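Peer 1: Please find target_26.tsv (TSV, C-alpha atoms) on the next line:
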chain	number	residue	atom	x	y	z
M	1	MET	CA	6.59	49.96	55.39
M	2	GLY	CA	4.44	53.05	55.72
M	3	LYS	CA	7.42	55.30	56.55
M	4	GLY	CA	8.64	56.18	53.09
M	5	GLY	CA	9.25	59.83	52.39
M	6	GLY	CA	7.11	59.97	49.27
M	7	CYS	CA	6.94	63.21	47.32
M	8	VAL	CA	7.60	66.44	49.20
M	9	PRO	CA	6.08	69.61	47.70
M	10	SER	CA	8.44	72.48	46.94
M	11	LYS	CA	8.37	75.33	49.42
M	12	LYS	CA	7.99	77.69	46.48
M	13	LYS	CA	4.95	75.90	45.09
M	14	LYS	CA	1.73	75.54	46.96
M	15	PRO	CA	0.17	72.06	46.91
M	16	SER	CA	-3.09	71.56	45.05
M	17	SER	CA	-6.08	73.14	46.74
M	18	LEU	CA	-8.25	70.09	46.11
M	19	ALA	CA	-8.41	69.07	49.74
M	20	THR	CA	-9.34	72.33	51.37
M	21	THR	CA	-11.57	70.37	53.71
M	22	GLY	CA	-10.95	67.21	55.69
M	23	ASP	CA	-7.19	67.26	56.14
M	24	GLY	CA	-6.49	70.85	55.20
M	25	PRO	CA	-4.56	73.38	57.28
M	26	GLY	CA	-5.86	73.73	60.80
M	27	ILE	CA	-8.48	71.04	60.37
M	28	ASP	CA	-9.25	68.85	63.33
M	29	ASP	CA	-10.69	65.40	62.56
M	30	ASN	CA	-13.00	65.87	65.54
M	31	ASP	CA	-14.38	69.15	64.19
M	32	ALA	CA	-17.57	68.18	62.36
M	33	THR	CA	-18.01	71.66	60.91
M	34	ASN	CA	-14.56	72.01	59.34
M	35	ASN	CA	-14.30	68.35	58.40
M	36	ALA	CA	-16.99	68.42	55.72
M	37	PRO	CA	-16.66	66.05	52.75
M	38	ILE	CA	-14.81	67.34	49.71
M	39	GLN	CA	-17.38	68.48	47.17
M	40	ILE	CA	-16.12	66.25	44.39
M	41	GLU	CA	-19.62	65.20	43.44
M	42	ASP	CA	-20.13	68.67	41.95
M	43	ASP	CA	-16.92	68.75	39.94
M	44	GLN	CA	-17.33	69.90	36.34
M	45	THR	CA	-14.59	68.80	33.97
M	46	THR	CA	-13.34	71.47	31.59
M	47	VAL	CA	-11.39	71.33	28.37
M	48	ASP	CA	-8.16	72.45	30.01
M	49	GLY	CA	-8.05	69.47	32.35
M	50	THR	CA	-9.20	71.18	35.57
M	51	ALA	CA	-12.37	70.77	37.54
M	52	THR	CA	-14.19	73.44	39.52
M	53	ASN	CA	-16.40	72.51	42.46
M	54	THR	CA	-18.99	74.47	44.38
M	55	ALA	CA	-16.36	75.76	46.77
M	56	GLY	CA	-14.59	77.47	43.87
M	57	THR	CA	-11.42	75.41	44.16
M	58	THR	CA	-9.77	73.63	41.27
M	59	THR	CA	-8.37	70.14	41.12
M	60	PRO	CA	-6.48	68.06	38.56
M	61	ALA	CA	-9.02	66.27	36.40
M	62	ILE	CA	-9.15	63.86	33.56
M	63	THR	CA	-10.21	65.65	30.38
M	64	THR	CA	-13.24	63.97	28.85
M	65	ALA	CA	-14.88	64.52	25.50
M	66	SER	CA	-18.28	66.17	25.40
M	67	ALA	CA	-19.88	63.29	23.53
M	68	LYS	CA	-22.60	61.52	25.47
M	69	ILE	CA	-22.29	57.83	26.23
M	70	SER	CA	-25.53	56.02	25.39
M	71	SER	CA	-25.53	53.61	28.34
M	72	PRO	CA	-23.89	54.04	31.74
M	73	LEU	CA	-20.36	52.72	32.14
M	74	LYS	CA	-20.08	50.20	34.95
M	75	ILE	CA	-17.51	50.20	37.73
M	76	PHE	CA	-17.66	47.25	40.09
M	77	VAL	CA	-16.49	48.00	43.64
M	78	VAL	CA	-15.49	44.52	44.79
M	79	PHE	CA	-14.31	44.08	48.35
M	80	TYR	CA	-13.75	41.85	51.33
M	81	SER	CA	-14.38	43.30	54.77
M	82	MET	CA	-14.43	41.36	58.02
M	83	TYR	CA	-15.05	44.16	60.51
M	84	GLY	CA	-16.57	46.80	58.24
M	85	HIS	CA	-13.60	49.12	57.69
M	86	VAL	CA	-13.10	48.31	54.01
M	87	GLU	CA	-16.86	48.30	53.50
M	88	SER	CA	-17.12	51.87	54.79
M	89	LEU	CA	-14.57	52.97	52.19
M	90	ALA	CA	-16.38	51.01	49.48
M	91	LYS	CA	-19.69	52.73	50.14
M	92	ARG	CA	-18.11	56.16	50.05
M	93	MET	CA	-16.22	55.18	46.89
M	94	LYS	CA	-19.51	54.34	45.21
M	95	LYS	CA	-20.69	57.86	45.97
M	96	GLY	CA	-17.65	59.25	44.19
M	97	VAL	CA	-18.21	57.07	41.13
M	98	ASP	CA	-21.91	57.87	40.90
M	99	SER	CA	-21.16	61.60	40.96
M	100	VAL	CA	-19.70	61.35	37.45
M	101	GLU	CA	-22.33	61.56	34.72
M	102	GLY	CA	-22.54	58.45	32.60
M	103	VAL	CA	-20.82	56.17	35.11
M	104	GLU	CA	-22.38	54.03	37.83
M	105	ALA	CA	-20.93	51.85	40.57
M	106	THR	CA	-22.18	48.55	41.94
M	107	LEU	CA	-21.03	47.17	45.28
M	108	TYR	CA	-20.10	43.49	45.55
M	109	ARG	CA	-18.44	41.46	48.24
M	110	VAL	CA	-16.34	38.36	47.61
M	111	PRO	CA	-17.32	35.06	49.25
M	112	GLU	CA	-16.18	34.34	52.79
M	113	THR	CA	-13.81	31.38	52.99
M	114	LEU	CA	-14.01	30.95	56.77
M	115	SER	CA	-16.77	28.90	58.39
M	116	GLN	CA	-19.51	30.77	60.18
M	117	GLU	CA	-18.31	29.24	63.44
M	118	VAL	CA	-14.87	30.79	63.00
M	119	VAL	CA	-16.34	34.14	61.93
M	120	ASP	CA	-18.49	34.15	65.07
M	121	GLN	CA	-15.48	33.37	67.25
M	122	MET	CA	-13.67	36.33	65.69
M	123	LYS	CA	-16.63	38.52	66.73
M	124	ALA	CA	-17.11	39.86	63.22
M	125	PRO	CA	-20.28	41.92	62.77
M	126	VAL	CA	-23.13	40.69	60.62
M	127	LYS	CA	-22.59	41.54	56.97
M	128	ASP	CA	-24.88	43.84	55.01
M	129	PHE	CA	-26.76	41.26	52.95
M	130	GLU	CA	-28.07	43.93	50.61
M	131	ILE	CA	-24.60	43.83	49.06
M	132	PRO	CA	-24.49	40.65	46.96
M	133	GLU	CA	-21.60	38.26	46.56
M	134	ILE	CA	-19.97	38.28	43.15
M	135	THR	CA	-18.83	35.39	41.00
M	136	ALA	CA	-15.75	35.51	38.82
M	137	ALA	CA	-17.79	35.30	35.62
M	138	GLU	CA	-19.66	38.49	36.50
M	139	LEU	CA	-16.47	40.55	36.33
M	140	ALA	CA	-16.54	40.48	32.53
M	141	ALA	CA	-19.56	42.83	32.49
M	142	ALA	CA	-17.69	45.72	34.13
M	143	ASP	CA	-15.81	48.56	32.44
M	144	GLY	CA	-13.55	49.14	35.44
M	145	PHE	CA	-12.90	47.95	38.98
M	146	LEU	CA	-12.05	49.10	42.47
M	147	PHE	CA	-10.89	46.21	44.64
M	148	GLY	CA	-10.78	46.61	48.42
M	149	PHE	CA	-9.35	44.31	51.06
M	150	PRO	CA	-7.62	44.27	54.45
M	151	THR	CA	-3.97	43.34	54.75
M	152	ARG	CA	-2.52	40.09	55.99
M	153	TYR	CA	1.22	40.56	56.63
M	154	GLY	CA	1.51	43.19	53.92
M	155	CYS	CA	-0.52	41.34	51.29
M	156	MET	CA	-4.22	40.99	50.47
M	157	ALA	CA	-6.44	38.89	52.70
M	158	ALA	CA	-6.84	35.22	51.75
M	159	GLN	CA	-10.51	35.71	50.91
M	160	MET	CA	-9.69	38.20	48.14
M	161	LYS	CA	-6.79	36.06	46.92
M	162	ALA	CA	-9.11	33.06	46.73
M	163	PHE	CA	-11.47	35.11	44.59
M	164	PHE	CA	-8.70	36.13	42.21
M	165	ASP	CA	-7.61	32.49	42.08
M	166	SER	CA	-11.10	31.64	40.77
M	167	THR	CA	-10.74	33.88	37.71
M	168	GLY	CA	-8.77	31.37	35.65
M	169	SER	CA	-11.36	31.14	32.86
M	170	LEU	CA	-11.32	34.93	32.47
M	171	TRP	CA	-7.52	34.87	32.37
M	172	LYS	CA	-7.55	32.15	29.71
M	173	GLU	CA	-9.73	34.28	27.45
M	174	GLN	CA	-8.13	37.57	28.57
M	175	SER	CA	-11.64	38.87	29.17
M	176	LEU	CA	-10.40	41.58	31.54
M	177	ALA	CA	-7.45	42.76	29.45
M	178	GLY	CA	-7.27	46.53	29.05
M	179	LYS	CA	-9.77	47.26	31.83
M	180	PRO	CA	-8.64	49.75	34.51
M	181	ALA	CA	-8.58	48.80	38.18
M	182	GLY	CA	-7.58	50.37	41.47
M	183	PHE	CA	-7.12	49.23	45.07
M	184	PHE	CA	-8.11	50.41	48.54
M	185	VAL	CA	-7.03	48.79	51.78
M	186	SER	CA	-7.31	48.51	55.55
M	187	THR	CA	-4.45	47.88	57.96
M	188	GLY	CA	-4.22	47.54	61.71
M	189	THR	CA	-1.27	49.89	62.16
M	190	GLN	CA	0.46	52.75	60.36
M	191	GLY	CA	3.30	50.46	59.31
M	192	GLY	CA	1.05	47.52	58.51
M	193	GLY	CA	1.04	47.68	54.73
M	194	GLN	CA	-0.94	50.65	53.40
M	195	GLU	CA	1.38	50.64	50.37
M	196	THR	CA	2.70	47.07	50.17
M	197	THR	CA	-0.78	45.55	50.29
M	198	ALA	CA	-1.70	47.36	47.08
M	199	TRP	CA	1.76	46.95	45.60
M	200	THR	CA	1.79	43.16	45.98
M	201	ALA	CA	-1.75	42.94	44.56
M	202	ILE	CA	-0.69	44.47	41.24
M	203	THR	CA	0.50	41.02	40.11
M	204	GLN	CA	-3.14	39.92	39.88
M	205	LEU	CA	-3.86	42.71	37.40
M	206	VAL	CA	-0.70	42.09	35.38
M	207	HIS	CA	-1.61	38.51	34.54
M	208	HIS	CA	-5.05	39.62	33.38
M	209	GLY	CA	-3.57	42.42	31.29
M	210	MET	CA	-5.49	45.00	33.32
M	211	LEU	CA	-4.44	48.62	33.85
M	212	PHE	CA	-3.50	49.63	37.39
M	213	VAL	CA	-4.76	53.13	38.19
M	214	PRO	CA	-3.21	54.70	41.32
M	215	ILE	CA	-4.50	57.99	42.66
M	216	GLY	CA	-1.01	59.45	43.05
M	217	TYR	CA	-1.21	62.80	44.82
M	218	THR	CA	-4.40	63.98	43.09
M	219	PHE	CA	-6.10	64.35	46.49
M	220	GLY	CA	-4.07	67.51	46.90
M	221	ALA	CA	-3.08	69.06	50.22
M	222	GLY	CA	-4.76	66.26	52.16
M	223	MET	CA	-2.00	63.89	51.05
M	224	PHE	CA	0.69	65.97	52.75
M	225	LYS	CA	-0.77	66.83	56.16
M	226	MET	CA	0.90	65.07	59.08
M	227	ASP	CA	-0.94	66.50	62.07
M	228	SER	CA	-3.54	63.71	62.17
M	229	ILE	CA	-3.64	59.99	61.58
M	230	ARG	CA	-4.78	59.18	58.06
M	231	GLY	CA	-4.77	55.98	56.04
M	232	GLY	CA	-4.28	55.95	52.29
M	233	SER	CA	-1.33	56.39	49.97
M	234	PRO	CA	-0.58	57.20	46.32
M	235	TYR	CA	-1.63	53.62	45.59
M	236	GLY	CA	-5.19	54.19	46.82
M	237	ALA	CA	-7.47	55.00	49.72
M	238	GLY	CA	-6.92	53.32	53.06
M	239	VAL	CA	-8.07	53.18	56.65
M	240	PHE	CA	-6.35	52.30	59.90
M	241	ALA	CA	-8.43	49.78	61.86
M	242	GLY	CA	-6.33	49.63	65.03
M	243	ASP	CA	-7.66	46.87	67.26
M	244	GLY	CA	-10.84	46.85	65.20
M	245	SER	CA	-12.68	49.51	67.16
M	246	ARG	CA	-11.36	52.52	65.25
M	247	GLU	CA	-13.68	53.76	62.52
M	248	ALA	CA	-12.66	55.56	59.35
M	249	THR	CA	-12.25	59.32	59.76
M	250	GLU	CA	-13.94	61.80	57.48
M	251	THR	CA	-10.60	62.44	55.80
M	252	GLU	CA	-10.14	58.74	55.00
M	253	LEU	CA	-13.69	58.56	53.67
M	254	ALA	CA	-13.19	61.72	51.60
M	255	LEU	CA	-10.09	60.17	50.04
M	256	ALA	CA	-12.16	57.09	49.14
M	257	GLU	CA	-14.82	59.30	47.56
M	258	HIS	CA	-12.14	61.11	45.60
M	259	GLN	CA	-10.74	57.81	44.34
M	260	GLY	CA	-14.18	56.76	43.13
M	261	ASN	CA	-14.60	60.05	41.32
M	262	TYR	CA	-11.11	59.85	39.83
M	263	MET	CA	-11.55	56.27	38.63
M	264	ALA	CA	-14.90	57.11	37.06
M	265	ALA	CA	-13.25	59.94	35.10
M	266	ILE	CA	-10.51	57.57	33.91
M	267	VAL	CA	-13.01	54.92	32.80
M	268	LYS	CA	-15.10	57.55	31.03
M	269	ARG	CA	-12.10	58.90	29.19
M	270	LEU	CA	-10.97	55.45	28.05
M	271	ALA	CA	-14.46	54.74	26.73
M	272	GLN	CA	-14.45	57.73	24.41
M	273	PRO	CA	-14.13	56.86	20.70
Since I need it in another form, could you write the structure as structure tokens?
Peer 2:
Amino acid sequence: MGKGGGCVPSKKKKPSSLATTGDGPGIDDNDATNNAPIQIEDDQTTVDGTATNTAGTTTPAITTASAKISSPLKIFVVFYSMYGHVESLAKRMKKGVDSVEGVEATLYRVPETLSQEVVDQMKAPVKDFEIPEITAAELAAADGFLFGFPTRYGCMAAQMKAFFDSTGSLWKEQSLAGKPAGFFVSTGTQGGGQETTAWTAITQLVHHGMLFVPIGYTFGAGMFKMDSIRGGSPYGAGVFAGDGSREATETELALAEHQGNYMAAIVKRLAQP
């Protein structure tokens, strides 16, 4: 796990210039000046399927019609985070979603299944109570989803699985069928399931008839750099937690922001008449 070759860009073809910051050539994760966030919040989609940001670079984009959508489309960013790593990605992902006109993100956390005594013994930090817990029934109101969770032996954490297990009434009515969804994850090590955790979670979407939306290699050059540790994969954004003390790097956060922006563009395109 985590050691697959993936796609290797041709030596005759330069990779996309989308990620000219963060994980670009010669960028050091400890260099605050060079490690600025990717300016995806200023992307402007054009009719030829490219987007130009303030830095003048272009990136693959989802072509959207010019027609205005009367009310904002809703993307729910639903996550479980014990030590805050997944939550940090979720908050940055919301920024990416909100940067797309006509689309807005709402953060939700799934209920904790462990007792408070056990959570305290695991030395988990206090949760941000401004982020509400979500119920299964509330999912029906969203136009798209981004689900985030840490790995447990290459699969989603039990708390997120328990939440999916509570969606039986939505499955019975196929209330979520046709709605797009993506994943983002946290693992303790580089081989801990950055890809398999998302891969094994796809079964949840399949039974609901939902559309899995991976990010592929749309992050550009940042997906190919190997001179720094970076979570994430073509399946979605990711962070390495280590022993719990490691925080997400700017590159990992930028990838999460990109995924939010990308998903918002997908949802907006699907909503066009």
Peer 1: I want to know what sits within 7 Å of Pro150 (chain M), based on all atoms listed in the file, with residues of the same chain fewer than 4 positions away left out; could you give that as a list in words?
Peer 2: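 Skipping anything fewer than 4 positions along the chain leaves Ser81, Val86, Met156, Ala157, Val185, Ser186 and Thr187 of chain M.
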Peer 1: Okay, now the selection with C-alpha atoms, as a PDB file, in the coordinates of the input?
Peer 2:
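This went into result_32.pdb:
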ATOM      1  CA  SER M  81     -14.380  43.300  54.770  1.00  0.00           C
ATOM      2  CA  VAL M  86     -13.100  48.310  54.010  1.00  0.00           C
ATOM      3  CA  MET M 156      -4.220  40.990  50.470  1.00  0.00           C
ATOM      4  CA  ALA M 157      -6.440  38.890  52.700  1.00  0.00           C
ATOM      5  CA  VAL M 185      -7.030  48.790  51.780  1.00  0.00           C
ATOM      6  CA  SER M 186      -7.310  48.510  55.550  1.00  0.00           C
ATOM      7  CA  THR M 187      -4.450  47.880  57.960  1.00  0.00           C
TER       8      THR M 187
END
Peer 1: Show which residues sit within 8 Å of Asn261 (chain M), as a PyMOL selection string. Count all atoms listed in the file, and ignore same-chain residues fewer than 2 positions away.
Peer 2: chain M and resi 40-41+93+95-100+257-259+263-265
Peer 1: For Val206 (chain M), which of M:Trp171, M:Tyr153, M:Tyr80, M:Phe240 is the closest residue, counting all atoms listed in the file?
Peer 2: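 With all atoms listed in the file as the atom set, the closest residue is M:Trp171.
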Peer 1: What does the distance from CA of Gly244 (chain M) to CA of Ile131 (chain M) come to in Å, to one decimal?
Peer 2: 21.4 Å
Peer 1: What separation in Å, quoted to one decimal, exists between CA of Met160 (chain M) and CA of Phe79 (chain M)?
Peer 2: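 Separating CA of Met160 (chain M) from CA of Phe79 (chain M) is a distance of 7.5 Å.
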Peer 1: Provide the CA of His85 (chain M) to CA of Leu253 (chain M) distance in Å, to one decimal place.
Peer 2: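 Pair CA of His85 (chain M) / CA of Leu253 (chain M) returns 10.3 Å.
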Peer 1: Quick one: residues within 8 Å of region 123-128 of chain M, only C-alpha atoms, excluding same-chain residues fewer than 5 positions away - as a list in words?
Peer 2: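 The contact residues come out as Met82, Tyr83 and Gly84 of chain M.
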Peer 1: So that I have them on file, write out the residues from the current selection with C-alpha atoms, as an mmCIF file, keeping the file's coordinate frame.
Peer 2:
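Saved file again09.cif follows:
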data_model
loop_
_atom_site.group_PDB
_atom_site.id
_atom_site.type_symbol
_atom_site.label_atom_id
_atom_site.label_comp_id
_atom_site.auth_asym_id
_atom_site.auth_seq_id
_atom_site.Cartn_x
_atom_site.Cartn_y
_atom_site.Cartn_z
ATOM 1 C CA MET M 82 -14.430 41.360 58.020
ATOM 2 C CA TYR M 83 -15.050 44.160 60.510
ATOM 3 C CA GLY M 84 -16.570 46.800 58.240
#
Peer 1: Using all atoms listed in the file, which of the listed residues (M:Arg230, M:Lys179, M:Lys161, M:Lys225) sits closest to Gly209 (chain M)?
Peer 2: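 Closest to Gly209 (chain M), using all atoms listed in the file: M:Lys179.
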Peer 1: May I ask which of the residues M:Asp143, M:Ala181, M:Ile134, M:Leu89 is the closest one to Pro72 (chain M), counting only C-alpha atoms?
Peer 2: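 Checking each candidate against Pro72 (chain M), we get M:Asp143 as the closest.
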Peer 1: Where atoms are absent from region 94-123 of chain M, fill them in so it carries N, CA and C atoms, then output it as a PDB file, in the coordinates of the input.
Peer 2:
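Wrote it out as result03.pdb, contents follow:
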ATOM      1  N   LYS M  94     -18.362  54.402  46.121  1.00  0.00           N
ATOM      2  CA  LYS M  94     -19.510  54.340  45.210  1.00  0.00           C
ATOM      3  C   LYS M  94     -20.107  55.722  45.013  1.00  0.00           C
ATOM      4  N   LYS M  95     -20.174  56.499  46.082  1.00  0.00           N
ATOM      5  CA  LYS M  95     -20.690  57.860  45.970  1.00  0.00           C
ATOM      6  C   LYS M  95     -19.849  58.677  45.012  1.00  0.00           C
ATOM      7  N   GLY M  96     -18.532  58.520  45.080  1.00  0.00           N
ATOM      8  CA  GLY M  96     -17.650  59.250  44.190  1.00  0.00           C
ATOM      9  C   GLY M  96     -17.833  58.842  42.736  1.00  0.00           C
ATOM     10  N   VAL M  97     -17.992  57.552  42.491  1.00  0.00           N
ATOM     11  CA  VAL M  97     -18.210  57.070  41.130  1.00  0.00           C
ATOM     12  C   VAL M  97     -19.517  57.598  40.576  1.00  0.00           C
ATOM     13  N   ASP M  98     -20.578  57.481  41.368  1.00  0.00           N
ATOM     14  CA  ASP M  98     -21.910  57.870  40.900  1.00  0.00           C
ATOM     15  C   ASP M  98     -22.045  59.359  40.655  1.00  0.00           C
ATOM     16  N   SER M  99     -21.095  60.152  41.166  1.00  0.00           N
ATOM     17  CA  SER M  99     -21.160  61.600  40.960  1.00  0.00           C
ATOM     18  C   SER M  99     -20.726  62.007  39.556  1.00  0.00           C
ATOM     19  N   VAL M 100     -20.155  61.065  38.820  1.00  0.00           N
ATOM     20  CA  VAL M 100     -19.700  61.350  37.450  1.00  0.00           C
ATOM     21  C   VAL M 100     -20.799  60.925  36.476  1.00  0.00           C
ATOM     22  N   GLU M 101     -21.264  61.848  35.667  1.00  0.00           N
ATOM     23  CA  GLU M 101     -22.330  61.560  34.720  1.00  0.00           C
ATOM     24  C   GLU M 101     -21.912  60.468  33.740  1.00  0.00           C
ATOM     25  N   GLY M 102     -22.799  59.513  33.552  1.00  0.00           N
ATOM     26  CA  GLY M 102     -22.540  58.450  32.600  1.00  0.00           C
ATOM     27  C   GLY M 102     -21.795  57.263  33.164  1.00  0.00           C
ATOM     28  N   VAL M 103     -21.527  57.274  34.464  1.00  0.00           N
ATOM     29  CA  VAL M 103     -20.820  56.170  35.110  1.00  0.00           C
ATOM     30  C   VAL M 103     -21.574  55.778  36.372  1.00  0.00           C
ATOM     31  N   GLU M 104     -21.694  54.490  36.621  1.00  0.00           N
ATOM     32  CA  GLU M 104     -22.380  54.030  37.830  1.00  0.00           C
ATOM     33  C   GLU M 104     -21.585  52.904  38.483  1.00  0.00           C
ATOM     34  N   ALA M 105     -21.665  52.864  39.798  1.00  0.00           N
ATOM     35  CA  ALA M 105     -20.930  51.850  40.570  1.00  0.00           C
ATOM     36  C   ALA M 105     -21.894  50.840  41.165  1.00  0.00           C
ATOM     37  N   THR M 106     -21.428  49.613  41.274  1.00  0.00           N
ATOM     38  CA  THR M 106     -22.180  48.550  41.940  1.00  0.00           C
ATOM     39  C   THR M 106     -21.277  47.921  42.983  1.00  0.00           C
ATOM     40  N   LEU M 107     -21.789  47.769  44.193  1.00  0.00           N
ATOM     41  CA  LEU M 107     -21.030  47.170  45.280  1.00  0.00           C
ATOM     42  C   LEU M 107     -21.196  45.648  45.270  1.00  0.00           C
ATOM     43  N   TYR M 108     -20.090  44.946  45.425  1.00  0.00           N
ATOM     44  CA  TYR M 108     -20.100  43.490  45.550  1.00  0.00           C
ATOM     45  C   TYR M 108     -19.098  43.096  46.634  1.00  0.00           C
ATOM     46  N   ARG M 109     -19.413  42.032  47.319  1.00  0.00           N
ATOM     47  CA  ARG M 109     -18.440  41.460  48.240  1.00  0.00           C
ATOM     48  C   ARG M 109     -18.019  40.088  47.724  1.00  0.00           C
ATOM     49  N   VAL M 110     -16.801  39.680  48.034  1.00  0.00           N
ATOM     50  CA  VAL M 110     -16.340  38.360  47.610  1.00  0.00           C
ATOM     51  C   VAL M 110     -16.769  37.342  48.665  1.00  0.00           C
ATOM     52  N   PRO M 111     -16.879  36.084  48.301  1.00  0.00           N
ATOM     53  CA  PRO M 111     -17.320  35.060  49.250  1.00  0.00           C
ATOM     54  C   PRO M 111     -16.377  34.910  50.440  1.00  0.00           C
ATOM     55  N   GLU M 112     -16.957  34.634  51.585  1.00  0.00           N
ATOM     56  CA  GLU M 112     -16.180  34.340  52.790  1.00  0.00           C
ATOM     57  C   GLU M 112     -15.656  32.920  52.702  1.00  0.00           C
ATOM     58  N   THR M 113     -14.394  32.718  53.040  1.00  0.00           N
ATOM     59  CA  THR M 113     -13.810  31.380  52.990  1.00  0.00           C
ATOM     60  C   THR M 113     -13.763  30.720  54.373  1.00  0.00           C
ATOM     61  N   LEU M 114     -13.995  31.497  55.411  1.00  0.00           N
ATOM     62  CA  LEU M 114     -14.010  30.950  56.770  1.00  0.00           C
ATOM     63  C   LEU M 114     -15.406  30.411  57.089  1.00  0.00           C
ATOM     64  N   SER M 115     -15.471  29.429  57.960  1.00  0.00           N
ATOM     65  CA  SER M 115     -16.770  28.900  58.390  1.00  0.00           C
ATOM     66  C   SER M 115     -17.469  29.917  59.276  1.00  0.00           C
ATOM     67  N   GLN M 116     -18.766  29.833  59.357  1.00  0.00           N
ATOM     68  CA  GLN M 116     -19.510  30.770  60.180  1.00  0.00           C
ATOM     69  C   GLN M 116     -19.114  30.658  61.647  1.00  0.00           C
ATOM     70  N   GLU M 117     -18.749  29.447  62.061  1.00  0.00           N
ATOM     71  CA  GLU M 117     -18.310  29.240  63.440  1.00  0.00           C
ATOM     72  C   GLU M 117     -17.050  30.050  63.738  1.00  0.00           C
ATOM     73  N   VAL M 118     -16.103  30.039  62.814  1.00  0.00           N
ATOM     74  CA  VAL M 118     -14.870  30.790  63.000  1.00  0.00           C
ATOM     75  C   VAL M 118     -15.139  32.292  62.963  1.00  0.00           C
ATOM     76  N   VAL M 119     -15.984  32.722  62.034  1.00  0.00           N
ATOM     77  CA  VAL M 119     -16.340  34.140  61.930  1.00  0.00           C
ATOM     78  C   VAL M 119     -16.982  34.615  63.234  1.00  0.00           C
ATOM     79  N   ASP M 120     -17.841  33.788  63.802  1.00  0.00           N
ATOM     80  CA  ASP M 120     -18.490  34.150  65.070  1.00  0.00           C
ATOM     81  C   ASP M 120     -17.464  34.252  66.198  1.00  0.00           C
ATOM     82  N   GLN M 121     -16.506  33.351  66.221  1.00  0.00           N
ATOM     83  CA  GLN M 121     -15.480  33.370  67.250  1.00  0.00           C
ATOM     84  C   GLN M 121     -14.593  34.615  67.123  1.00  0.00           C
ATOM     85  N   MET M 122     -14.461  35.131  65.908  1.00  0.00           N
ATOM     86  CA  MET M 122     -13.670  36.330  65.690  1.00  0.00           C
ATOM     87  C   MET M 122     -14.481  37.596  65.955  1.00  0.00           C
ATOM     88  N   LYS M 123     -15.738  37.411  66.363  1.00  0.00           N
ATOM     89  CA  LYS M 123     -16.630  38.520  66.730  1.00  0.00           C
ATOM     90  C   LYS M 123     -16.805  39.525  65.585  1.00  0.00           C
TER      91      LYS M 123
END
